[in-house]
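Trainee: One file is attached below, my_file-v1.txt, containing compact mmCIF, C-alpha atoms.
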# COMPACT_ATOMS: atom_id res chain seq x y z
CA MET T 65 0.00 0.00 0.00
CA GLY T 66 1.18 3.53 -0.64
CA LYS T 67 3.73 2.38 -3.19
CA TYR T 68 3.57 5.65 -5.04
CA ALA T 69 4.41 7.71 -1.97
CA GLY T 70 7.14 5.33 -0.88
CA HIS T 71 5.11 3.87 2.01
CA LYS T 72 6.06 0.46 3.20
CA HIS T 73 3.19 -1.67 4.29
CA ALA T 74 2.90 -5.05 5.96
CA ASP T 75 1.61 -6.67 2.80
CA TYR T 76 3.26 -9.94 3.64
CA THR T 77 0.86 -10.48 6.56
CA ARG T 78 -2.07 -9.52 4.41
CA SER T 79 -1.29 -11.77 1.49
CA SER T 80 -0.80 -14.68 3.82
CA ILE T 81 -4.28 -14.24 5.32
CA ASN T 82 -6.08 -15.28 2.15
CA MET T 83 -6.11 -14.85 -1.56
CA SER T 84 -9.65 -13.62 -2.14
CA VAL T 85 -9.98 -11.89 -5.48
CA LEU T 86 -12.56 -9.56 -6.91
CA HIS T 87 -12.59 -10.04 -10.65
CA VAL T 88 -14.28 -7.61 -13.03
CA ASP T 89 -14.35 -8.44 -16.70
CA SER T 90 -16.02 -7.49 -19.99
CA VAL T 91 -17.87 -4.51 -18.55
CA ARG T 92 -19.60 -2.60 -21.28
CA ARG T 93 -22.03 0.28 -20.85
CA GLU T 94 -23.49 2.53 -23.49
CA ILE T 95 -25.52 5.68 -22.94
CA GLY T 96 -27.33 7.17 -25.91
CA GLY T 97 -25.12 5.31 -28.39
CA ARG T 98 -21.94 6.49 -26.65
CA CYS T 99 -19.80 3.79 -25.11
CA ILE T 100 -18.64 4.99 -21.69
CA LEU T 101 -17.23 1.63 -20.60
CA ASN T 102 -15.78 -0.58 -23.29
CA ASP T 103 -14.82 -4.10 -22.29
CA VAL T 104 -13.33 -3.01 -18.97
CA PHE T 105 -11.20 -5.41 -16.98
CA MET T 106 -9.98 -5.04 -13.41
CA SER T 107 -9.09 -7.26 -10.47
CA CYS T 108 -8.42 -6.62 -6.80
CA ARG T 109 -7.01 -8.91 -4.13
CA ARG T 110 -7.89 -8.67 -0.45
CA GLY T 111 -5.51 -6.32 1.34
CA GLU T 112 -4.83 -4.41 -1.86
CA VAL T 113 -5.80 -0.77 -2.39
CA ILE T 114 -6.44 0.16 -5.99
CA GLY T 115 -6.57 3.82 -6.94
CA LEU T 116 -8.93 4.41 -9.82
CA LEU T 117 -8.15 7.71 -11.53
CA GLY T 118 -9.75 9.39 -14.48
CA ARG T 119 -11.20 12.66 -15.65
CA ASN T 120 -14.74 13.71 -14.81
CA GLY T 121 -17.14 11.57 -16.81
CA ALA T 122 -14.51 8.89 -17.49
CA GLY T 123 -16.86 6.27 -16.02
CA LYS T 124 -15.25 5.63 -12.62
CA SER T 125 -18.47 5.89 -10.61
CA SER T 126 -20.43 3.96 -13.23
CA LEU T 127 -17.88 1.16 -13.09
CA LEU T 128 -18.02 1.01 -9.28
CA ARG T 129 -21.81 0.96 -9.31
CA ILE T 130 -21.84 -1.83 -11.88
CA VAL T 131 -19.39 -3.85 -9.76
CA PHE T 132 -21.54 -3.18 -6.69
CA GLY T 133 -24.68 -4.20 -8.55
CA SER T 134 -26.77 -1.03 -8.34
CA LEU T 135 -26.31 -0.05 -11.99
CA ALA T 136 -27.11 -2.21 -14.97
CA ALA T 137 -24.53 -2.66 -17.70
CA ASN T 138 -24.99 -3.78 -21.28
CA GLN T 139 -22.59 -6.56 -20.41
CA SER T 140 -20.60 -7.39 -17.29
CA PHE T 141 -18.96 -10.17 -15.37
CA VAL T 142 -18.17 -9.70 -11.67
CA SER T 143 -16.94 -12.51 -9.46
CA VAL T 144 -15.49 -12.94 -6.00
CA ASP T 145 -13.31 -16.01 -5.50
CA ASP T 146 -14.46 -17.39 -8.86
CA ARG T 147 -18.12 -17.16 -7.91
CA LYS T 148 -20.19 -14.83 -10.04
CA THR T 149 -22.01 -12.21 -7.98
CA GLY T 150 -25.69 -11.99 -8.68
CA GLY T 151 -27.29 -8.76 -7.57
CA LEU T 152 -27.31 -6.70 -4.40
CA TYR T 153 -28.72 -9.37 -2.08
CA SER T 154 -26.28 -12.12 -2.95
CA SER T 155 -23.24 -9.82 -2.87
CA ARG T 156 -24.13 -7.91 0.30
CA LYS T 157 -21.45 -9.69 2.33
CA LEU T 158 -18.91 -9.52 -0.45
CA ILE T 159 -18.96 -5.98 -1.82
CA GLN T 160 -19.98 -2.70 -0.17
CA TYR T 161 -20.10 0.70 -1.82
CA LEU T 162 -19.52 4.21 -0.48
CA PRO T 163 -21.26 6.65 -2.83
CA GLN T 164 -19.88 10.10 -3.57
CA HIS T 165 -22.54 11.93 -1.61
CA LYS T 166 -24.01 11.44 1.86
CA PHE T 167 -26.07 8.28 2.10
CA LEU T 168 -26.83 7.60 5.75
CA PRO T 169 -30.52 7.78 6.70
CA GLU T 170 -31.02 10.94 8.73
CA HIS T 171 -33.78 9.63 10.97
CA LEU T 172 -31.54 7.06 12.68
CA LYS T 173 -28.76 7.56 15.20
CA VAL T 174 -25.18 6.63 14.35
CA ASP T 175 -25.03 3.70 16.82
CA VAL T 176 -28.24 2.25 15.40
CA LEU T 177 -26.87 2.58 11.87
CA ILE T 178 -23.63 0.85 12.87
CA SER T 179 -25.45 -2.03 14.58
CA CYS T 180 -27.60 -2.57 11.52
CA PHE T 181 -24.80 -2.24 8.99
CA CYS T 182 -21.73 -3.89 10.43
CA GLY T 183 -22.80 -7.11 12.13
CA ARG T 184 -22.54 -7.64 15.88
CA SER T 185 -18.81 -8.16 16.42
CA ASN T 186 -17.63 -5.60 13.84
CA ALA T 187 -20.14 -3.06 15.18
CA ARG T 188 -18.79 -3.53 18.69
CA LEU T 189 -15.22 -3.02 17.44
CA LEU T 190 -16.18 0.12 15.55
CA MET T 191 -18.04 1.58 18.52
CA GLU T 192 -14.98 0.97 20.69
CA GLN T 193 -12.91 3.27 18.46
CA ASP T 194 -12.14 6.56 20.23
CA TRP T 195 -12.80 8.71 17.17
CA ILE T 196 -16.38 7.50 16.76
CA LYS T 197 -17.47 7.70 20.40
CA PRO T 198 -18.47 11.41 20.24
CA PHE T 199 -20.76 10.67 17.28
CA LEU T 200 -22.69 7.77 18.82
CA GLY T 201 -26.19 8.73 19.88
CA ARG T 202 -26.27 11.56 17.35
CA LYS T 203 -28.09 11.60 14.05
CA PRO T 204 -26.04 12.08 10.86
CA ASP T 205 -27.57 15.50 10.17
CA ALA T 206 -26.14 16.72 13.50
CA LEU T 207 -22.61 15.99 12.27
CA SER T 208 -20.39 18.21 10.13
CA THR T 209 -19.67 17.14 6.55
CA GLY T 210 -16.24 15.80 7.51
CA GLU T 211 -17.48 13.99 10.63
CA ARG T 212 -20.26 12.45 8.63
CA ARG T 213 -17.87 11.28 5.93
CA MET T 214 -15.65 9.70 8.58
CA VAL T 215 -18.63 7.79 9.97
CA GLU T 216 -19.60 6.69 6.45
CA VAL T 217 -16.09 5.46 5.63
CA GLY T 218 -15.86 3.79 9.06
CA ILE T 219 -19.14 1.95 8.59
CA ILE T 220 -18.08 0.67 5.18
CA LEU T 221 -14.61 -0.39 6.35
CA PHE T 222 -16.03 -2.18 9.40
CA SER T 223 -18.69 -3.97 7.36
CA GLU T 224 -18.44 -7.70 6.80
CA ALA T 225 -17.72 -7.38 3.08
CA LYS T 226 -14.43 -8.61 1.65
CA PHE T 227 -14.22 -5.75 -0.85
CA VAL T 228 -15.21 -2.11 -0.57
CA LEU T 229 -15.61 0.49 -3.27
CA LEU T 230 -14.94 4.03 -2.07
CA ASP T 231 -16.23 6.61 -4.52
CA GLU T 232 -14.49 9.91 -3.82
CA PRO T 233 -14.21 9.53 -0.03
CA PHE T 234 -12.40 12.89 0.23
CA ASN T 235 -15.16 14.81 -1.50
CA GLY T 236 -15.50 18.31 -0.01
CA ILE T 237 -13.99 17.73 3.42
CA ALA T 238 -11.56 19.72 5.55
CA PRO T 239 -7.87 18.66 5.70
CA VAL T 240 -8.15 17.44 9.30
CA HIS T 241 -10.93 15.01 8.42
CA LEU T 242 -9.16 14.04 5.22
CA GLU T 243 -6.14 12.90 7.24
CA ASN T 244 -8.41 10.93 9.60
CA ILE T 245 -10.09 9.20 6.67
CA LYS T 246 -6.72 8.38 5.13
CA LYS T 247 -5.66 6.89 8.46
CA LEU T 248 -8.79 4.76 8.55
CA ILE T 249 -8.22 3.46 5.03
CA THR T 250 -4.54 2.78 5.74
CA GLN T 251 -5.43 0.79 8.87
CA ASN T 252 -7.91 -1.28 6.84
CA PRO T 253 -8.80 -3.25 9.98
CA PHE T 254 -10.35 -6.26 8.26
CA VAL T 255 -7.86 -6.49 5.40
CA LYS T 256 -10.39 -5.75 2.72
CA GLY T 257 -9.70 -5.23 -0.92
CA ILE T 258 -10.31 -1.52 -1.52
CA ILE T 259 -10.97 0.33 -4.75
CA ILE T 260 -10.83 4.07 -4.29
CA THR T 261 -11.58 6.91 -6.70
CA GLY T 262 -11.00 10.61 -6.41
CA GLN T 263 -9.93 13.72 -8.26
CA ASP T 264 -7.41 14.38 -5.50
CA TYR T 265 -4.78 12.21 -7.22
CA ARG T 266 -2.04 12.83 -4.66
CA ASN T 267 -4.08 11.37 -1.80
CA VAL T 268 -5.37 8.51 -3.93
CA MET T 269 -1.82 7.64 -5.03
CA GLU T 270 -0.52 7.90 -1.47
CA LEU T 271 -3.00 5.26 -0.32
CA SER T 272 -2.83 2.95 -3.31
CA SER T 273 -0.71 -0.07 -4.00
CA ARG T 274 -1.79 -0.03 -7.66
CA ILE T 275 -3.10 2.74 -9.88
CA ILE T 276 -5.54 2.26 -12.72
CA LEU T 277 -6.39 5.06 -15.10
CA MET T 278 -9.75 5.15 -16.82
CA GLN T 279 -9.58 6.71 -20.23
CA ASP T 280 -11.72 6.45 -23.35
CA GLY T 281 -13.89 3.80 -21.70
CA ASN T 282 -10.93 1.56 -20.91
CA THR T 283 -8.64 0.88 -17.96
CA ARG T 284 -4.85 1.24 -18.09
CA GLU T 285 -2.54 -0.03 -15.39
CA ILE T 286 -0.15 2.75 -14.38
CA LYS T 287 3.33 1.44 -13.63
CA ASP T 288 5.01 4.81 -13.32
CA PRO T 289 3.26 7.99 -12.07
CA ARG T 290 4.79 9.86 -15.03
CA ASP T 291 2.50 7.79 -17.27
CA LEU T 292 -0.36 9.90 -15.91
CA ILE T 293 1.24 12.91 -17.63
CA GLU T 294 1.95 10.92 -20.78
CA TYR T 295 -1.67 9.77 -21.03
CA GLY T 296 -2.89 13.34 -20.56
CA TYR T 297 -4.55 12.85 -17.17
CA LEU T 298 -2.14 15.25 -15.48
CA PRO T 299 -0.68 18.45 -16.94
CA GLN T 300 3.03 18.54 -17.84
CA THR T 301 3.60 20.81 -14.85
CA ALA T 302 2.14 18.33 -12.33
CA ASP T 303 4.24 17.74 -9.22
CA LEU T 304 4.71 14.00 -8.72
CA SER T 305 7.28 14.22 -5.94
CA MET H 175 -32.36 -10.36 10.38
CA ARG H 176 -30.39 -7.33 9.21
CA THR H 177 -32.40 -7.24 6.01
CA ILE H 178 -35.66 -7.17 7.96
CA LYS H 179 -34.26 -4.47 10.24
CA GLY H 180 -33.25 -2.49 7.15
CA MET H 181 -36.76 -2.79 5.73
CA TRP H 182 -38.23 -1.51 8.99
CA PHE H 183 -35.76 1.40 9.15
CA PHE H 184 -36.69 2.29 5.59
CA TYR H 185 -40.37 2.25 6.42
CA GLN H 186 -39.96 4.06 9.75
CA LYS H 187 -39.18 7.31 7.96
CA LEU H 188 -42.55 7.18 6.22
CA VAL H 189 -44.78 6.42 9.22
CA VAL H 190 -44.85 9.77 11.05
CA PRO H 191 -45.55 12.06 8.07
CA SER H 192 -48.00 9.61 6.46
CA LEU H 193 -49.94 8.97 9.65
CA GLY H 194 -49.89 12.64 10.71
CA ILE H 195 -51.29 13.88 7.42
CA SER H 196 -53.77 10.97 7.29
CA ILE H 197 -55.20 11.82 10.72
CA ALA H 198 -55.41 15.51 9.82
CA LEU H 199 -57.18 14.71 6.53
CA ALA H 200 -59.52 12.24 8.24
CA LEU H 201 -60.43 14.79 10.92
CA PHE H 202 -61.04 17.38 8.23
CA SER H 203 -63.36 15.10 6.28
CA GLN H 204 -65.03 13.53 9.34
CA GLY H 205 -68.47 14.80 8.33
CA PHE H 206 -68.36 12.87 5.06
CA VAL H 207 -66.33 9.77 5.91
CA PRO H 208 -66.11 7.77 9.19
CA LEU H 209 -62.86 8.58 11.01
CA PRO H 210 -61.18 5.08 10.97
CA PHE H 211 -62.01 4.61 7.31
CA GLY H 212 -60.72 8.12 6.52
CA ILE H 213 -57.41 7.45 8.28
CA CYS H 214 -56.94 4.07 6.58
CA PHE H 215 -57.83 5.35 3.14
CA SER H 216 -55.56 8.41 3.40
CA TYR H 217 -52.74 6.32 4.84
CA ALA H 218 -52.93 3.80 1.99
CA ILE H 219 -52.63 6.56 -0.58
CA LEU H 220 -50.19 8.78 1.27
CA THR H 221 -47.49 6.24 2.21
CA PRO H 222 -46.38 5.56 -1.38
CA LEU H 223 -46.50 9.31 -2.06
CA VAL H 224 -44.35 10.05 0.99
CA HIS H 225 -42.02 7.25 -0.16
CA LEU H 226 -41.83 8.86 -3.58
CA TYR H 227 -41.06 12.28 -2.13
CA SER H 228 -38.72 11.19 0.68
CA TYR H 229 -36.57 8.74 -1.21
CA GLU H 230 -36.97 9.32 -4.93
CA ILE H 231 -36.98 13.13 -4.88
CA ASN H 232 -35.61 14.43 -1.58
CA THR H 233 -32.82 12.02 -0.60
CA PRO H 234 -32.28 9.48 -3.40
CA ASN H 235 -28.76 8.74 -2.14
CA GLU H 236 -30.19 7.11 0.99
CA TYR H 237 -31.08 4.17 -1.21
CA TYR H 238 -27.40 3.24 -1.13
CA PHE H 239 -27.60 2.49 2.59
CA TYR H 240 -30.28 -0.09 1.86
CA TYR H 241 -28.53 -1.36 -1.27
CA ASN H 242 -25.56 -2.15 0.96
CA LEU H 243 -27.91 -4.24 3.12
CA GLY H 244 -28.88 -6.18 0.01
CA LEU H 245 -32.22 -4.48 -0.58
CA ASN H 246 -32.96 -3.28 -4.08
CA LYS H 247 -35.46 -0.60 -5.07
CA LEU H 248 -38.15 -3.05 -6.08
CA THR H 249 -37.98 -4.80 -2.70
CA LEU H 250 -38.17 -1.46 -0.89
CA TRP H 251 -41.24 -0.36 -2.86
CA ALA H 252 -42.89 -3.72 -2.24
CA ASN H 253 -42.00 -3.33 1.43
CA THR H 254 -43.70 0.08 1.61
CA LEU H 255 -46.88 -1.19 0.00
CA ALA H 256 -46.99 -4.44 1.99
CA ILE H 257 -46.47 -2.87 5.45
CA SER H 258 -48.98 -0.12 4.66
CA MET H 259 -51.57 -2.73 3.69
CA LEU H 260 -50.84 -4.67 6.86
CA ILE H 261 -51.23 -1.59 9.05
CA ILE H 262 -54.49 -0.71 7.31
CA LEU H 263 -55.76 -4.23 7.83
CA VAL H 264 -54.92 -4.06 11.53
CA LEU H 265 -56.56 -0.63 11.83
CA LEU H 266 -59.71 -1.83 10.09
CA LEU H 267 -59.97 -4.97 12.21
CA THR H 268 -59.59 -3.12 15.51
How does this structure look as structure tokens?
Mentor:
Amino acid sequence: MGKYAGHKHADYTRSSINMSVLHVDSVRREIGGRCILNDVFMSCRRGEVIGLLGRNGAGKSSLLRIVFGSLAANQSFVSVDDRKTGGLYSSRKLIQYLPQHKFLPEHLKVDVLISCFCGRSNARLLMEQDWIKPFLGRKPDALSTGERRMVEVGIILFSEAKFVLLDEPFNGIAPVHLENIKKLITQNPFVKGIIITGQDYRNVMELSSRIILMQDGNTREIKDPRDLIEYGYLPQTADLS
Amino acid sequence: MRTIKGMWFFYQKLVVPSLGISIALALFSQGFVPLPFGICFSYAILTPLVHLYSYEINTPNEYYFYYNLGLNKLTLWANTLAISMLIILVLLLT
């Protein structure tokens, strides 16, 4: 994890835990005759953090929603450990999705949401975390945008799913909360496979062990950050240090 | 169990506004329609409308919470209609 920022991570412990793989293949989606996803392929192992970069409208969110199962594709194949996922109900313990915008029901308190979402033992572990204690017993609309986003990311990361899809988790939040969210993702307490998107490429790259660029409806594996300049995602003047 | 809990949480948001408006409407039309029938009738019509407003128009992103619990939109709509019918049945029988 954090390969692009020179972070060293205990990947050896993670890879030894299991070899679960999320496999995405042949994803094709057309809107109004325009192909936004064209035979997309991607895979993610447990314990791996994949940074999915791309310009606005490149199809990042659509791809995540197709993998999650909430958006229909013209064609798609998604499997976890060689078993094809079949809709939201069957993949609820395999894949969880954090949407770009706030999604927690506002009529329920944070502790109730956690109990419902995370399963008994994971919920207990999450509620024991110091950072979340001030938010328990409060409703999401009583939290600031950053606090709310932290709760959302926490709930997803402490869910029982093997893989989580984080769609722009840093969207519109203050630096202090951004650092807290990065810390949460880095800790990855249940060694999930994480796919993360964002326009804030520096933070995405800092967290990621692999980078995939979405361009012209396809995915490209980025081996060297300078490729992002070469492929036109970043300007020539971009600072990659 | 979590799925059932999720369905109830989804429905919970609809109960107070639907029932409140139903009682108000039933009281308003008490001269024309018997009160229990007025409440039940209004409730049956209002719950799907409140669902439509609350989730489809006002906060469509909340659906993702329930999607993560394995509940799709069709199930949630069926849930709204089924629980409303059940409540009406109970109200009519009592």
Trainee: Given all atoms listed in the file as the basis, pick out the residue of T:Asp291, T:Glu170, T:Asp175, T:Asp280 nearest to chain H.
Mentor: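 Among T:Asp291, T:Glu170, T:Asp175, T:Asp280, it is T:Glu170 that comes nearest to chain H.
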Trainee: Using all atoms listed in the file, select each residue of chain H with any atom at most 8 Å away from an atom of chain T, and give the selection as a PyMOL selection string.
Mentor: chain H and resi 176+179-180+183+187+235-239+241-246
Trainee: If we count all atoms listed in the file and set the cut-off at 8 Å, which residues sit around T:Met214, ignoring sequence neighbours fewer than 6 positions away in its own chain? Please answer as a count of residues only.
Mentor: 3
Trainee: Separation of atom CA of T:Lys256 and atom CA of T:Phe227, in Å?
Mentor: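 Separating atom CA of T:Lys256 from atom CA of T:Phe227 is a distance of 5.2 Å.
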Trainee: Please, what distance in Å, to one decimal, runs between atom CA of T:Leu128 and atom CA of T:Lys203?
Mentor: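 Here the two named atoms are 27.5 Å from each other.
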Trainee: So which one's closest to H:Tyr185, H:Leu248, H:Thr221, H:Ile231, H:Leu265? Using all atoms listed in the file, please.
Mentor: H:Thr221
Trainee: Identify, on the basis of only C-alpha atoms, every residue whose closest approach to H:Ala198 does not exceed 9 Å; exclude the query and any residue fewer than 5 positions from it along the same chain; express the result as a list in words.
Mentor: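 With the cut-off at 9 Å, the set is Leu193, Ser203 and Ile213 of chain H.
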Trainee: Work out how far apart atom CA of H:Met259 and atom CA of H:Ala218 are and give it in Å to one decimal.
Mentor: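 According to the coordinates, atom CA of H:Met259 and atom CA of H:Ala218 are separated by 6.9 Å.
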Trainee: Return as a Markdown table the residues of stretch 208-250 of chain T lying at most 12 Å from stretch 113-117 of chain T, together with the closest atom-to-atom pair for each and the distance in Å to one decimal, counting only C-alpha atoms, with rows in chain order and ascending residue number.
Mentor:
| residue | atom | partner | partner_atom | distance |
| --- | --- | --- | --- | --- |
| T:Phe227 | CA | T:Val113 | CA | 9.9 |
| T:Val228 | CA | T:Val113 | CA | 9.7 |
| T:Leu229 | CA | T:Ile114 | CA | 9.6 |
| T:Leu230 | CA | T:Gly115 | CA | 9.7 |
| T:Asp231 | CA | T:Leu116 | CA | 9.3 |
| T:Glu232 | CA | T:Leu116 | CA | 9.9 |
| T:Pro233 | CA | T:Gly115 | CA | 11.8 |
| T:Lys246 | CA | T:Val113 | CA | 11.9 |
| T:Ile249 | CA | T:Val113 | CA | 8.9 |
| T:Thr250 | CA | T:Val113 | CA | 9.0 |
Trainee: Using only C-alpha atoms, find all polymer residues with an atom at most 10 Å away from the point (-12.7, 15.2, -16.4); report them as a list of chain:residue names.
Mentor: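 It turns out the residues near that spot are T:Gly118, T:Arg119, T:Asn120, T:Gly121, T:Ala122, T:Gly123, T:Gln263, T:Gln279, T:Tyr297.
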Trainee: Using all atoms listed in the file, which protein or nucleic acid residues come within 6 Å of T:Val91? Drop anything in the same chain fewer than 2 positions from it, and give the result as a list in words.
Mentor: Asp89, Asp103, Val104, Gln139 and Ser140 of chain T
Trainee: Draw an axis-aligned box over all listed atoms of stretch 171-185 of chain T, pad each side with 3 Å, and write its centre and edge lengths in Å, one decimal, as JSON.
Mentor:
{"center_x": -26.3, "center_y": 0.7, "center_z": 12.9, "size_x": 21.0, "size_y": 23.8, "size_z": 13.8}
Trainee: Excluding same-chain residues fewer than 6 positions from T:Lys226, what lies within 12 Å of it counting all atoms listed in the file, as a ChimeraX atom specification?
Mentor: /T:82-86,108-112,144-145,155-161,220,252-259
Trainee: Write to file, as an mmCIF file, in the coordinates of the input, the residues of the selection just made, with C-alpha atoms.
Mentor:
data_model
loop_
_atom_site.group_PDB
_atom_site.id
_atom_site.type_symbol
_atom_site.label_atom_id
_atom_site.label_comp_id
_atom_site.auth_asym_id
_atom_site.auth_seq_id
_atom_site.Cartn_x
_atom_site.Cartn_y
_atom_site.Cartn_z
ATOM 1 C CA ASN T 82 -6.080 -15.280 2.150
ATOM 2 C CA MET T 83 -6.110 -14.850 -1.560
ATOM 3 C CA SER T 84 -9.650 -13.620 -2.140
ATOM 4 C CA VAL T 85 -9.980 -11.890 -5.480
ATOM 5 C CA LEU T 86 -12.560 -9.560 -6.910
ATOM 6 C CA CYS T 108 -8.420 -6.620 -6.800
ATOM 7 C CA ARG T 109 -7.010 -8.910 -4.130
ATOM 8 C CA ARG T 110 -7.890 -8.670 -0.450
ATOM 9 C CA GLY T 111 -5.510 -6.320 1.340
ATOM 10 C CA GLU T 112 -4.830 -4.410 -1.860
ATOM 11 C CA VAL T 144 -15.490 -12.940 -6.000
ATOM 12 C CA ASP T 145 -13.310 -16.010 -5.500
ATOM 13 C CA SER T 155 -23.240 -9.820 -2.870
ATOM 14 C CA ARG T 156 -24.130 -7.910 0.300
ATOM 15 C CA LYS T 157 -21.450 -9.690 2.330
ATOM 16 C CA LEU T 158 -18.910 -9.520 -0.450
ATOM 17 C CA ILE T 159 -18.960 -5.980 -1.820
ATOM 18 C CA GLN T 160 -19.980 -2.700 -0.170
ATOM 19 C CA TYR T 161 -20.100 0.700 -1.820
ATOM 20 C CA ILE T 220 -18.080 0.670 5.180
ATOM 21 C CA ASN T 252 -7.910 -1.280 6.840
ATOM 22 C CA PRO T 253 -8.800 -3.250 9.980
ATOM 23 C CA PHE T 254 -10.350 -6.260 8.260
ATOM 24 C CA VAL T 255 -7.860 -6.490 5.400
ATOM 25 C CA LYS T 256 -10.390 -5.750 2.720
ATOM 26 C CA GLY T 257 -9.700 -5.230 -0.920
ATOM 27 C CA ILE T 258 -10.310 -1.520 -1.520
ATOM 28 C CA ILE T 259 -10.970 0.330 -4.750
#
Trainee: For a quick check of understanding, using only C-alpha atoms, which of H:Ser258, H:Thr268, H:Asn253, H:Ser216 has the smallest distance to H:Ile178?
Mentor: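 Distance minimum relative to H:Ile178 lands on H:Asn253.
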Trainee: Check the smallest atom-to-atom distance from each of H:Pro222, H:Phe211, H:Gly194, H:Thr177 to H:Ile257 using only C-alpha atoms, then report the winner.
Mentor: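 Closest to H:Ile257, using only C-alpha atoms: H:Pro222.
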